Structures are given as structure tokens and as C-alpha cells.
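Here's the structure we're looking at; comments come further down.
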Amino acid sequence: MDVSQLRDRVIDDYQDCATSFVQIADPRIHELVEEEIKAGLLWPEPLIQLNPTFEVGGTIDELVDRRLLHEECRRIFRHKPAPDGSDPEIPPDGLPIRLHRHQVEAIEAASKGANYVLTTGTGSGKSLTYIVPIVDHVLRNPGPGIKAIVVYPMNALANSQVRELEKFLNYGYPDGRGPVRFARYTGQEDDKEREEIIADPPDILLTNYVMLELALTRPREGDLIKAARGLRFLVLDELHTYRGRQGADVALLCRRVKVACGADQLRYVGTSATMTADPSHSFEEQRAEVARVATKLFGAEVRPEDVIGETLRRLTPPDDLSDPDFVGRLRARVLADGPPPTDFDAFVSDPLSSWIESALGLKTDAGSGRLVRQHPRPITGPHGAAEELAAAIDVSVEEAAGAIRRQLLAGYRATDPNTGFRAFPFRLHQFVSRGETVYATVEPPEERFVTTQGQRFAPGDRSRALLPLAFCRECGAEYYTVWLRDASPTRAVSERDLRDLQGKEGERPGFLYVAAGKDAWPVDTQE
């Protein structure tokens with residue numbers, strides 16, 4: 001599937017839907033709205049984010065050999081075929097998992113009993129950084145009781161984790177039941193499921209912070225909390241979501257869980273893709289700041305050295321636009337008629353792959369010299385990647401954009417035979433707005449200033465106030481949406497959002513119509 005074509009179909013369908021019930025009679029306003037929509041008012045250019053290549057850290061088998069993990073982890077943490085046979089390319093005994101460096105660093109931190117935080121980006125395998133240590137602890141300490149509670153800010157994340165845990169903990173075992181048990185307890189379960197979980201608690205409990213708060217306070221879950229006596233892991237996924245009042249609530253929850261569970265040896269783990277300090281600070285300064293915030297949230301020390309970031313590496317040779325030979329080869333690739341290479345080695349050595357990895361994947365941090373992720377950016381449009389490539393090698397923007405899209409799709413299909421990872425896994429982010437409204441000055445139609453950008457006055461003239469417009473679905477006539485206030489000897493109006501119907505004392509929601517000529521407003525009652 002070509003994700004760009006899919007995006008175009010989705011946007012076309014949305015445009016048909018969004019414009020089908022909007023009628024605008026005024027030709028000036030109609031033309032403005034059409035131009036703005038075509039320019040991306042409701043759907044700007046999609047952003048491309050290339051998942052980088054992570055520094056290799058070793059395999060699960062190597063960690064077992066180092067005695068960091070229990071022997072059974074060899075069997076659990078493998079790529080396994082699904083029971084229904086839907087993964088024919090995976091052999092019956094599975095394939096070994098090669099971990100990233102930050103994943104190994106997290107497992108090492110857990111083996112020391114440290115509280116730690118992962119601040120690695122999207123697609124970096126953060127869940128394994130706590131699931132592997134938790135499973136290892138359960139294997140080394142068999143017996144009844146909840147050993148770990150994993151808290152998610154949204155039920156969708158917990159549901160996704162259930163599916164991943166099934167692959168590791170259930171696949172490959174008789175009757176699909178491995179030595180480590182887990183259960184979701186988020187409020188989505190029916191009464192029977194909850195009663196079964198309370199009566200026979202799992203080793204790992206997946207929940208959200210609201211449900212965990214309720215479990216601490218409701219008598220019916222008393223046995224569930226008793227089963228968590230001596231709890232060893234409390235994990236907060238998406239740590240950056242807990243801020244402000246909600247952050248204070250969760251901070252208190254962390255302390256209450258420790259007390260309620262008698263968890264004197266409780267280990268705290270946090271993960272976040274975006275929990276970073278000021279980017280102008282050095283990497284070590286950022287680690288120190290994250291450690292300070294996490295310590296405050298957990299109520300337990302997190303040392304800066306136990307804030308684990310991602311270690312990235314280039315997959316392709318560095319590009320060099322100052323080298324005429326490289327520029328010539330890059331230009332030839334963009335203008336080539338044939339498809340991009342899909343063989344992994346050929347793809348990695350391709351000059352266009354090198355340029356894309358630099359433009360959409362990685363850059364060097366000036367302060368630390370570390371490789372860090374590029375910010376997501378569009379392929380087309382002003383300041384897009386295609387515009388930059390076209391200027392660098394003297395081709396058209398259309399030719400550059402087409403070459404970039406084809407190369408990204410080829411990179412998604414090209415797979416490293418040694419690791420099984422895709423060369424260029426990427427994400428396309430499409431933001432869609434429901435749109436606001438049109439604003440106009442309260443003047444005759446041929447004189448008024450019209451804009452789709454919300455503001456109070458016409459540019460450069462504070463005597464001309466702007467008010468939002470609404471349009472009749474039958475005839476397309478425009479009306480200013482206003483609050484009406486009786487103010488002798490005249491009636492005053494002020495800006496009102498169309499959906500807002502409850503104003504201040506003395507205000508009534510209403511509409512203001514400015515006649516376009518003496519016959520604009522009908523006088524016939526029926527009309």
C-alpha cells in the first residue's frame with residue numbers, strides 16, 4: 001500500500017464531506033474559502049517522521065548467559081509464530097530478539113534495583129524495557145500475588161499492551177498459558193471478569209491511574225490490594241502526561257500504593273517519548289532535570305545516570321552535498337526511470353537513502369555531538385524536503401518529491417537480514433482541522449474585510465472590528481454570530497461562538513444581518 005495515496009483518498013473523502021453541507025452565497029467569501037481550503041486550511045501538508053536506527057545492545061540469549069535474566073526468558077522473549085498459523089515465515093521455535101542498546105541499559109538498571117526512566121522516541125521498544133525485568137523477577141520469585149502494576153494514561157494503550165504480552169507470555173506454551181500471568185483491570189471488564197481477577201490475581205496487572213485509585217478506596221477490591229503486598233514494580237507509561245493537577249494526583253497515588261501494598265522494596269519505572277528538558281541544555285543537564293521531575297513524581301530517588309536515552313546510529317553513509325561526485329550521483333538517482341533498490345545492501349548504499357536519512361531521520365546535536373532525531377517535516381510545500389532537495393541538485397520540486405516518496409516506500413520494504421528490522425520505517429502524520437469560521441468587518445459586503453484567521457480587528461485599523469459569520473444551510477446567506485445586549489438608546493453586539501448559547505447576565509445569543517441593498521431582506525411574511 002502506498003501511504004501517500006491512502007492519505008490523498010482520506011483527504012478527498014473528508015473534503016467532500018466537509019464542503020457538501022456548506023452553502024456560501026456571497027461570491028467574495030465563497031472564493032476566499034475555496035482558495036484557503038485548496039491551500040491546506042483544514043488539512044496542512046502531512047509530516048514525515050523517519051524512525052532512526054538504534055545502536056545494537058545484544059540479544060536476550062546473551063543477557064541470560066550473563067545471568068542478568070532467568071533461563072526461561074530465552075523461550076519467552078522470541079519472535080514466535082501465531083497459534084493460527086498466520087506467520088508462516090517464522091519457524092516453529094521462533095526467532096531470537098536483538099535488543100537496542102537503551103533496552104539493555106534499562107535491564108541492567110533494573111538488575112541493580114534502581115528506579116529508572118526511559119526517554120526514548122516513538123518506535124524504540126520502550127515496553128520491553130520494563131516487561132523483561134518484570135518477567136525475570138516473576139520467574140525468579142514464583143508464587144501467588146501481584147508483583148507488578150503497570151499504569152497507562154489511556155485504556156487504548158493498555159489494550160495494545162495486552163496483545164503484545166500475549167505474543168510473548170502465551171504463544172508457544174501448552175494451552176496458551178505460560179509461567180507468567182497478566183490481566184487488564186481498567187474498567188472495560190464486566191463484573192464476572194473483575195471477580196475472576198480479584199479471586200485469582202495475576203503476576204502483572206495492567207490498569208489506568210483512575211482505576212488504581214478506585215481499587216485503593218473501594219472495599220470490593222480490598223483482596224486485590226492485599227494480593228499486591230510486597231509489590232516490586234510500579235510502572236508509569238507516558239510519564240509526560242502527568243502534569244499540573246493530574247500530576248499531583250498521580251504523585252500522591254504513587255505514595256499511597258507503596259503504603260497500601262507494604263512495598264518497602266518498590267521499584268519505580270517511567271517511560272516517555274517526549275519528556276525532555278530544554279533542548280538548548282546538554283544531554284547530561286537534560287538527564288538531571290528529568291531525574292528531578294521523576295523523583296518528585298515518584299517520591300523516590302531517580303538518579304540522573306538512570307535516565308536512559310536512545311543511542312542512535314546512521315544506517316547509511318553520510319551525505320556530502322559539498323562533494324560534486326555525490327551531488328552528481330544523487331541527481332542521477334532522482335532522475336532515474338527505474339524503481340529504487342529493495343535489496344537491503346543496495347538500498348543502504350544508495351545516495352538518495354543517505355540524503356533522506358539526514359533530511360528526515362538524523363542530525364548531530366551541536367552541544368553534545370550525539371545523533372538525535374530530526375523534527376518531522378513535510379515532503380511538499382514551503383520549506384518541505386522536496387524543495388530542499390530540488391535546490392541542492394537542480395531538479396524540479398515535483399521530480400524531487402516523487403523520488404523521495406518512492407525511496408521511502410522502498411526503504412519500508414527493505415529488511416535487514418541480520419536483525420529483521422526495516423531499513424526506513426516511517427510515519428506519516430496528517431493533522432485535520434474541523435475548521436472554525438469566516439470573520440468579517442461589519443460593513444456592506446463590497447467594502448468589508450474578510451478572513452479565515454481569527455482576530456479582533458482588520459489589519460492596521462482597530463476601528464473596524466471583526467465578527468464571526470455563520471451561513472444559512474438553505475440559501476447560503478451570511479449572518480454575524482453575536483451576543484445581544486440592550487444598551488439605551490441602541491442595542492450593542494459582541495462576538496459570539498456559534499456553539500456558545502449561555503452568555504453573561506443581560507446577554508442573549510443572536511445573529512446580526514447587514515442588508516446588501518434595500519431589497520436584500522424579504523418583507524413578505526411567507527418568504
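Each chain of the C-alpha cells is named A, B, ... in the order shown, its residues numbered from 1; ligands are numbered from 1 in display order.
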Distance query segment 195-198 of chain A at most 12 Å, only C-alpha atoms, self and fewer than 4 positions along chain excluded, as a PyMOL selection string: chain A and resi 145-146+181-186+189-191+202-206+215+219-228
List the spatial neighbours of Val132 of chain A as a PyMOL selection string - criterion: any atom at most 9 Å away, only C-alpha atoms, same-chain residues fewer than 6 positions off excluded. chain A and resi 69+73+77+107
Smallest atom-to-atom distance to Arg333 of chain A: which of A:Ala248, A:Leu360, A:Ala403, A:Ile60, using only C-alpha atoms?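 Among A:Ala248, A:Leu360, A:Ala403, A:Ile60, it is A:Ala403 that comes nearest to Arg333 of chain A.
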Write out as a PDB file with all heavy atoms, in the first residue's frame the residues lying within 9 Å of Gly172 of chain A, counting only C-alpha atoms and excluding same-chain residues fewer than 3 positions away.
```pdb
ATOM      1  N   ARG A  75      13.048 -18.625  26.136  1.00  0.00           N
ATOM      2  CA  ARG A  75      11.859 -19.159  25.480  1.00  0.00           C
ATOM      3  C   ARG A  75      10.765 -18.114  25.339  1.00  0.00           C
ATOM      4  O   ARG A  75      10.024 -18.102  24.354  1.00  0.00           O
ATOM      5  CB  ARG A  75      11.338 -20.357  26.277  1.00  0.00           C
ATOM      6  CG  ARG A  75      10.120 -21.037  25.658  1.00  0.00           C
ATOM      7  CD  ARG A  75       9.699 -22.234  26.487  1.00  0.00           C
ATOM      8  NE  ARG A  75       8.529 -22.898  25.910  1.00  0.00           N
ATOM      9  CZ  ARG A  75       7.907 -23.925  26.466  1.00  0.00           C
ATOM     10  NH1 ARG A  75       8.367 -24.423  27.618  1.00  0.00           N
ATOM     11  NH2 ARG A  75       6.852 -24.464  25.886  1.00  0.00           N
ATOM     12  N   ILE A  76      10.672 -17.239  26.321  1.00  0.00           N
ATOM     13  CA  ILE A  76       9.584 -16.252  26.327  1.00  0.00           C
ATOM     14  C   ILE A  76       9.817 -15.152  25.309  1.00  0.00           C
ATOM     15  O   ILE A  76       8.940 -14.849  24.486  1.00  0.00           O
ATOM     16  CB  ILE A  76       9.414 -15.665  27.744  1.00  0.00           C
ATOM     17  CG1 ILE A  76       8.882 -16.729  28.698  1.00  0.00           C
ATOM     18  CG2 ILE A  76       8.485 -14.447  27.717  1.00  0.00           C
ATOM     19  CD1 ILE A  76       8.805 -16.275  30.144  1.00  0.00           C
ATOM     20  N   LYS A  80       7.633 -15.247  17.834  1.00  0.00           N
ATOM     21  CA  LYS A  80       7.018 -16.566  17.752  1.00  0.00           C
ATOM     22  C   LYS A  80       5.891 -16.573  16.723  1.00  0.00           C
ATOM     23  O   LYS A  80       5.217 -15.557  16.513  1.00  0.00           O
ATOM     24  CB  LYS A  80       6.446 -16.962  19.121  1.00  0.00           C
ATOM     25  CG  LYS A  80       7.465 -16.944  20.251  1.00  0.00           C
ATOM     26  CD  LYS A  80       6.767 -17.185  21.579  1.00  0.00           C
ATOM     27  CE  LYS A  80       7.700 -16.969  22.747  1.00  0.00           C
ATOM     28  NZ  LYS A  80       6.998 -17.137  24.039  1.00  0.00           N
ATOM     29  N   PRO A  81       5.667 -17.727  16.098  1.00  0.00           N
ATOM     30  CA  PRO A  81       4.534 -17.819  15.169  1.00  0.00           C
ATOM     31  C   PRO A  81       3.212 -17.787  15.920  1.00  0.00           C
ATOM     32  O   PRO A  81       3.106 -18.292  17.038  1.00  0.00           O
ATOM     33  CB  PRO A  81       4.751 -19.174  14.480  1.00  0.00           C
ATOM     34  CG  PRO A  81       5.535 -19.977  15.469  1.00  0.00           C
ATOM     35  CD  PRO A  81       6.410 -18.992  16.210  1.00  0.00           C
ATOM     36  N   ALA A  82       2.197 -17.157  15.327  1.00  0.00           N
ATOM     37  CA  ALA A  82       0.874 -17.108  15.939  1.00  0.00           C
ATOM     38  C   ALA A  82       0.256 -18.500  15.952  1.00  0.00           C
ATOM     39  O   ALA A  82       0.522 -19.313  15.061  1.00  0.00           O
ATOM     40  CB  ALA A  82      -0.022 -16.128  15.194  1.00  0.00           C
ATOM     41  N   PRO A  83      -0.545 -18.825  16.955  1.00  0.00           N
ATOM     42  CA  PRO A  83      -1.174 -20.151  17.022  1.00  0.00           C
ATOM     43  C   PRO A  83      -2.024 -20.486  15.800  1.00  0.00           C
ATOM     44  O   PRO A  83      -2.195 -21.653  15.467  1.00  0.00           O
ATOM     45  CB  PRO A  83      -2.039 -20.059  18.286  1.00  0.00           C
ATOM     46  CG  PRO A  83      -1.414 -18.991  19.107  1.00  0.00           C
ATOM     47  CD  PRO A  83      -0.870 -18.006  18.134  1.00  0.00           C
ATOM     48  N   PRO A  92       8.840 -22.703  13.746  1.00  0.00           N
ATOM     49  CA  PRO A  92       8.084 -23.131  14.935  1.00  0.00           C
ATOM     50  C   PRO A  92       8.738 -22.755  16.261  1.00  0.00           C
ATOM     51  O   PRO A  92       8.044 -22.469  17.243  1.00  0.00           O
ATOM     52  CB  PRO A  92       7.998 -24.652  14.764  1.00  0.00           C
ATOM     53  CG  PRO A  92       8.119 -24.867  13.289  1.00  0.00           C
ATOM     54  CD  PRO A  92       9.049 -23.805  12.788  1.00  0.00           C
ATOM     55  N   ASP A  93      10.078 -22.784  16.322  1.00  0.00           N
ATOM     56  CA  ASP A  93      10.748 -22.451  17.583  1.00  0.00           C
ATOM     57  C   ASP A  93      11.027 -20.961  17.718  1.00  0.00           C
ATOM     58  O   ASP A  93      11.673 -20.518  18.675  1.00  0.00           O
ATOM     59  CB  ASP A  93      12.057 -23.235  17.720  1.00  0.00           C
ATOM     60  CG  ASP A  93      13.026 -22.932  16.577  1.00  0.00           C
ATOM     61  OD1 ASP A  93      12.597 -22.355  15.559  1.00  0.00           O
ATOM     62  OD2 ASP A  93      14.220 -23.271  16.711  1.00  0.00           O
ATOM     63  N   GLY A  94      10.548 -20.151  16.761  1.00  0.00           N
ATOM     64  CA  GLY A  94      10.678 -18.706  16.855  1.00  0.00           C
ATOM     65  C   GLY A  94      12.030 -18.198  16.404  1.00  0.00           C
ATOM     66  O   GLY A  94      12.908 -18.954  15.965  1.00  0.00           O
ATOM     67  N   LYS A 167       1.667 -12.375  22.883  1.00  0.00           N
ATOM     68  CA  LYS A 167       2.658 -12.954  21.968  1.00  0.00           C
ATOM     69  C   LYS A 167       3.846 -13.531  22.736  1.00  0.00           C
ATOM     70  O   LYS A 167       4.356 -14.607  22.386  1.00  0.00           O
ATOM     71  CB  LYS A 167       3.136 -11.892  20.982  1.00  0.00           C
ATOM     72  CG  LYS A 167       2.057 -11.362  20.061  1.00  0.00           C
ATOM     73  CD  LYS A 167       2.601 -10.256  19.175  1.00  0.00           C
ATOM     74  CE  LYS A 167       1.514  -9.652  18.300  1.00  0.00           C
ATOM     75  NZ  LYS A 167       2.033  -8.536  17.463  1.00  0.00           N
ATOM     76  N   PHE A 168       4.294 -12.825  23.753  1.00  0.00           N
ATOM     77  CA  PHE A 168       5.465 -13.291  24.494  1.00  0.00           C
ATOM     78  C   PHE A 168       5.113 -14.345  25.548  1.00  0.00           C
ATOM     79  O   PHE A 168       5.761 -15.393  25.635  1.00  0.00           O
ATOM     80  CB  PHE A 168       6.157 -12.106  25.180  1.00  0.00           C
ATOM     81  CG  PHE A 168       6.886 -11.195  24.247  1.00  0.00           C
ATOM     82  CD1 PHE A 168       6.603  -9.840  24.226  1.00  0.00           C
ATOM     83  CD2 PHE A 168       7.849 -11.686  23.388  1.00  0.00           C
ATOM     84  CE1 PHE A 168       7.273  -8.986  23.361  1.00  0.00           C
ATOM     85  CE2 PHE A 168       8.531 -10.847  22.519  1.00  0.00           C
ATOM     86  CZ  PHE A 168       8.240  -9.488  22.504  1.00  0.00           C
ATOM     87  N   LEU A 169       4.097 -14.066  26.349  1.00  0.00           N
ATOM     88  CA  LEU A 169       3.846 -14.882  27.540  1.00  0.00           C
ATOM     89  C   LEU A 169       2.934 -16.076  27.297  1.00  0.00           C
ATOM     90  O   LEU A 169       2.920 -17.007  28.118  1.00  0.00           O
ATOM     91  CB  LEU A 169       3.258 -14.000  28.647  1.00  0.00           C
ATOM     92  CG  LEU A 169       4.139 -12.819  29.075  1.00  0.00           C
ATOM     93  CD1 LEU A 169       3.467 -12.029  30.183  1.00  0.00           C
ATOM     94  CD2 LEU A 169       5.517 -13.281  29.511  1.00  0.00           C
ATOM     95  N   ASP A 175      -1.727 -24.960  25.753  1.00  0.00           N
ATOM     96  CA  ASP A 175      -2.984 -24.287  26.073  1.00  0.00           C
ATOM     97  C   ASP A 175      -2.833 -22.771  26.138  1.00  0.00           C
ATOM     98  O   ASP A 175      -3.709 -22.074  26.666  1.00  0.00           O
ATOM     99  CB  ASP A 175      -3.568 -24.809  27.400  1.00  0.00           C
ATOM    100  CG  ASP A 175      -3.835 -26.304  27.361  1.00  0.00           C
ATOM    101  OD1 ASP A 175      -4.242 -26.796  26.293  1.00  0.00           O
ATOM    102  OD2 ASP A 175      -3.617 -26.964  28.396  1.00  0.00           O
ATOM    103  N   GLY A 176      -1.717 -22.240  25.617  1.00  0.00           N
ATOM    104  CA  GLY A 176      -1.517 -20.797  25.608  1.00  0.00           C
ATOM    105  C   GLY A 176      -1.365 -20.189  26.981  1.00  0.00           C
ATOM    106  O   GLY A 176      -1.709 -19.017  27.183  1.00  0.00           O
ATOM    107  N   ARG A 177      -0.831 -20.939  27.938  1.00  0.00           N
ATOM    108  CA  ARG A 177      -0.643 -20.425  29.302  1.00  0.00           C
ATOM    109  C   ARG A 177       0.809 -20.627  29.716  1.00  0.00           C
ATOM    110  O   ARG A 177       1.266 -21.751  29.939  1.00  0.00           O
ATOM    111  CB  ARG A 177      -1.569 -21.128  30.293  1.00  0.00           C
ATOM    112  CG  ARG A 177      -3.046 -20.803  30.090  1.00  0.00           C
ATOM    113  CD  ARG A 177      -3.913 -21.554  31.093  1.00  0.00           C
ATOM    114  NE  ARG A 177      -3.614 -21.162  32.461  1.00  0.00           N
ATOM    115  CZ  ARG A 177      -4.168 -20.119  33.076  1.00  0.00           C
ATOM    116  NH1 ARG A 177      -5.034 -19.367  32.429  1.00  0.00           N
ATOM    117  NH2 ARG A 177      -3.869 -19.831  34.330  1.00  0.00           N
ATOM    118  N   GLY A 178       1.554 -19.536  29.774  1.00  0.00           N
ATOM    119  CA  GLY A 178       2.947 -19.596  30.179  1.00  0.00           C
ATOM    120  C   GLY A 178       3.104 -19.475  31.680  1.00  0.00           C
ATOM    121  O   GLY A 178       2.126 -19.397  32.427  1.00  0.00           O
TER     122      GLY A 178
END
```
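Considering only C-alpha atoms, the residue among A:Asn141, A:Thr129, A:Ser160, A:Thr120 positioned nearest to Pro179 of chain A is A:Asn141.
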Using only C-alpha atoms: which of A:Leu389, A:Leu312, A:Val523, A:Leu253 has the shortest distance to Gly402 of chain A: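 Result for the nearest residue to Gly402 of chain A: A:Leu389.
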Using only C-alpha atoms: which of A:Asp320, A:Glu447, A:Asp8, A:Glu89 has the shortest distance to Glu45 of chain A: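 Using only C-alpha atoms, Glu45 of chain A sits closest to A:Asp8.
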DSSP strand (DSSP E) residues within segment 108-331 of chain A, as a list in words: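 Going through segment 108-331 of chain A, the strand (DSSP E) residues come out as Tyr116, Val117, Leu118, Ala148, Ile149, Val150, Val151, Tyr152, Phe182, Ala183, Arg184, Ile204, Leu205, Leu206, Thr207, Asn208, Phe233, Leu234, Val235, Leu236, Arg267, Tyr268, Val269, Gly270, Thr271, Val307, Ile308, Leu312 and Arg313 of chain A.
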List the spatial neighbours of Val293 of chain A as a PyMOL selection string - criterion: any atom at most 12 Å away, only C-alpha atoms, same-chain residues fewer than 2 positions off excluded. chain A and resi 117+239-240+242-243+247-248+251+270+275-277+286-291+295-304+307
Alpha helix (DSSP H) per DSSP on the backbone: members of segment 341-456 of chain A, as a ChimeraX atom specification: /A:344-348,351-356,385-393,397-413
Store the residues picked out above in a file with N, CA, C and O atoms, as a tab-separated table (two decimals), in the first residue's frame.
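What landed in out.tsv:
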```tsv
chain	number	residue	atom	x	y	z
A	344	PHE	N	18.53	-4.91	0.60
A	344	PHE	CA	18.93	-4.10	1.74
A	344	PHE	C	20.28	-3.42	1.52
A	344	PHE	O	20.41	-2.21	1.73
A	345	ASP	N	21.29	-4.18	1.14
A	345	ASP	CA	22.63	-3.60	0.98
A	345	ASP	C	22.65	-2.53	-0.11
A	345	ASP	O	23.28	-1.48	0.04
A	346	ALA	N	21.95	-2.80	-1.22
A	346	ALA	CA	21.90	-1.81	-2.30
A	346	ALA	C	21.15	-0.56	-1.86
A	346	ALA	O	21.54	0.57	-2.20
A	347	PHE	N	20.09	-0.74	-1.10
A	347	PHE	CA	19.32	0.42	-0.63
A	347	PHE	C	20.16	1.28	0.30
A	347	PHE	O	20.15	2.51	0.20
A	348	VAL	N	20.86	0.66	1.23
A	348	VAL	CA	21.65	1.40	2.22
A	348	VAL	C	22.75	2.21	1.55
A	348	VAL	O	23.08	3.32	2.00
A	351	PRO	N	22.75	6.82	-2.77
A	351	PRO	CA	22.96	8.21	-2.32
A	351	PRO	C	21.66	8.90	-1.87
A	351	PRO	O	21.69	9.73	-0.96
A	352	LEU	N	20.53	8.55	-2.49
A	352	LEU	CA	19.27	9.17	-2.07
A	352	LEU	C	18.88	8.70	-0.67
A	352	LEU	O	18.31	9.47	0.10
A	353	SER	N	19.20	7.46	-0.32
A	353	SER	CA	18.95	6.98	1.04
A	353	SER	C	19.75	7.79	2.04
A	353	SER	O	19.25	8.14	3.12
A	354	SER	N	21.01	8.08	1.71
A	354	SER	CA	21.85	8.89	2.60
A	354	SER	C	21.25	10.27	2.81
A	354	SER	O	21.19	10.78	3.94
A	355	TRP	N	20.79	10.88	1.71
A	355	TRP	CA	20.23	12.23	1.84
A	355	TRP	C	18.95	12.20	2.67
A	355	TRP	O	18.74	13.07	3.53
A	356	ILE	N	18.09	11.22	2.44
A	356	ILE	CA	16.83	11.14	3.19
A	356	ILE	C	17.08	10.90	4.67
A	356	ILE	O	16.41	11.49	5.52
A	385	ALA	N	10.90	18.96	2.31
A	385	ALA	CA	12.11	18.24	1.94
A	385	ALA	C	12.34	18.27	0.43
A	385	ALA	O	13.48	18.36	-0.04
A	386	ALA	N	11.26	18.20	-0.35
A	386	ALA	CA	11.41	18.20	-1.82
A	386	ALA	C	12.00	19.51	-2.31
A	386	ALA	O	12.83	19.53	-3.22
A	387	GLU	N	11.56	20.61	-1.73
A	387	GLU	CA	12.09	21.91	-2.11
A	387	GLU	C	13.58	22.00	-1.83
A	387	GLU	O	14.37	22.51	-2.64
A	388	GLU	N	14.00	21.46	-0.68
A	388	GLU	CA	15.42	21.48	-0.31
A	388	GLU	C	16.24	20.60	-1.27
A	388	GLU	O	17.32	21.00	-1.74
A	389	LEU	N	15.74	19.41	-1.57
A	389	LEU	CA	16.46	18.50	-2.46
A	389	LEU	C	16.54	19.08	-3.87
A	389	LEU	O	17.60	19.01	-4.52
A	390	ALA	N	15.44	19.65	-4.35
A	390	ALA	CA	15.42	20.21	-5.69
A	390	ALA	C	16.46	21.32	-5.84
A	390	ALA	O	17.15	21.41	-6.86
A	391	ALA	N	16.58	22.17	-4.84
A	391	ALA	CA	17.54	23.27	-4.89
A	391	ALA	C	18.98	22.76	-4.84
A	391	ALA	O	19.88	23.33	-5.46
A	392	ALA	N	19.20	21.66	-4.13
A	392	ALA	CA	20.56	21.14	-3.95
A	392	ALA	C	21.10	20.49	-5.21
A	392	ALA	O	22.31	20.53	-5.46
A	393	ILE	N	20.22	19.87	-6.02
A	393	ILE	CA	20.71	19.10	-7.17
A	393	ILE	C	20.13	19.59	-8.50
A	393	ILE	O	20.31	18.92	-9.53
A	397	VAL	N	10.83	20.50	-8.24
A	397	VAL	CA	10.29	20.07	-6.95
A	397	VAL	C	9.44	18.82	-7.12
A	397	VAL	O	9.46	17.92	-6.27
A	398	GLU	N	8.71	18.73	-8.24
A	398	GLU	CA	7.87	17.55	-8.48
A	398	GLU	C	8.72	16.30	-8.63
A	398	GLU	O	8.38	15.22	-8.11
A	399	GLU	N	9.83	16.40	-9.36
A	399	GLU	CA	10.73	15.25	-9.52
A	399	GLU	C	11.33	14.84	-8.18
A	399	GLU	O	11.43	13.64	-7.87
A	400	ALA	N	11.71	15.82	-7.38
A	400	ALA	CA	12.30	15.52	-6.06
A	400	ALA	C	11.28	14.86	-5.15
A	400	ALA	O	11.58	13.88	-4.45
A	401	ALA	N	10.04	15.38	-5.15
A	401	ALA	CA	9.01	14.83	-4.27
A	401	ALA	C	8.69	13.39	-4.64
A	401	ALA	O	8.57	12.51	-3.77
A	402	GLY	N	8.56	13.12	-5.93
A	402	GLY	CA	8.27	11.76	-6.36
A	402	GLY	C	9.37	10.79	-5.98
A	402	GLY	O	9.12	9.67	-5.54
A	403	ALA	N	10.63	11.21	-6.14
A	403	ALA	CA	11.76	10.34	-5.79
A	403	ALA	C	11.80	10.05	-4.30
A	403	ALA	O	12.08	8.92	-3.88
A	404	ILE	N	11.52	11.06	-3.47
A	404	ILE	CA	11.53	10.86	-2.02
A	404	ILE	C	10.45	9.87	-1.61
A	404	ILE	O	10.69	8.96	-0.80
A	405	ARG	N	9.25	10.03	-2.16
A	405	ARG	CA	8.16	9.12	-1.80
A	405	ARG	C	8.49	7.68	-2.21
A	405	ARG	O	8.26	6.75	-1.44
A	406	ARG	N	9.00	7.50	-3.42
A	406	ARG	CA	9.33	6.15	-3.88
A	406	ARG	C	10.43	5.53	-3.02
A	406	ARG	O	10.39	4.34	-2.70
A	407	GLN	N	11.40	6.33	-2.63
A	407	GLN	CA	12.51	5.82	-1.82
A	407	GLN	C	12.05	5.42	-0.42
A	407	GLN	O	12.51	4.41	0.13
A	408	LEU	N	11.15	6.20	0.15
A	408	LEU	CA	10.63	5.86	1.47
A	408	LEU	C	9.87	4.54	1.44
A	408	LEU	O	10.03	3.70	2.34
A	409	LEU	N	9.05	4.33	0.43
A	409	LEU	CA	8.31	3.08	0.32
A	409	LEU	C	9.26	1.90	0.12
A	409	LEU	O	9.06	0.82	0.69
A	410	ALA	N	10.30	2.09	-0.70
A	410	ALA	CA	11.28	1.03	-0.90
A	410	ALA	C	12.02	0.73	0.40
A	410	ALA	O	12.30	-0.44	0.72
A	411	GLY	N	12.33	1.78	1.17
A	411	GLY	CA	13.03	1.58	2.44
A	411	GLY	C	12.19	0.88	3.47
A	411	GLY	O	12.72	0.19	4.35
A	412	TYR	N	10.87	1.05	3.38
A	412	TYR	CA	9.98	0.34	4.30
A	412	TYR	C	9.95	-1.15	3.98
A	412	TYR	O	9.78	-1.98	4.87
A	413	ARG	N	10.13	-1.48	2.71
A	413	ARG	CA	10.08	-2.89	2.30
A	413	ARG	C	11.43	-3.58	2.48
A	413	ARG	O	11.47	-4.80	2.67
```
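Nearest residue to Arg370 of chain A among A:Glu72, A:Glu284, A:Ala294, A:Val180 is A:Glu284, counting only C-alpha atoms.
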Have a look at A:His281, A:His70, A:Arg377, A:Arg229 and name the one nearest to Ala260 of chain A; count only C-alpha atoms.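 The shortest atom-to-atom distance to Ala260 of chain A comes from A:Arg229.
Atom CA of Leu231 of chain A to atom CA of Lys126 of chain A spans 21.4 Å [interatomic distance, one decimal].
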Where does segment 357-446 of chain A meet segment 506-515 of chain A within 8 Å, residue by residue, with the nearest atom pair and distance in Å to one decimal for each, counting only C-alpha atoms, listed by chain and rising number, as JSON lines?
```
{"residue": "A:Val442", "atom": "CA", "partner": "A:Val514", "partner_atom": "CA", "distance": 7.4}
{"residue": "A:Glu443", "atom": "CA", "partner": "A:Val514", "partner_atom": "CA", "distance": 7.4}
{"residue": "A:Pro444", "atom": "CA", "partner": "A:Val514", "partner_atom": "CA", "distance": 6.9}
```
For the atom pair atom CA of Pro46 of chain A and atom CA of Val22 of chain A, what is the interatomic distance in Å to one decimal place?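 So the two atoms, atom CA of Pro46 of chain A and atom CA of Val22 of chain A, lie 24.8 Å apart.
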Between atom CA of Leu236 of chain A and atom CA of Lys112 of chain A, distance in Å (one decimal):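 Computing the Euclidean distance for atom CA of Leu236 of chain A and atom CA of Lys112 of chain A yields 19.3 Å.
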Give me, as a ChimeraX atom specification, all polymer residues having an atom no more than 8 Å from Thr53 of chain A, counting only C-alpha atoms and skipping those fewer than 2 positions away in the same chain. /A:51,55,312-315
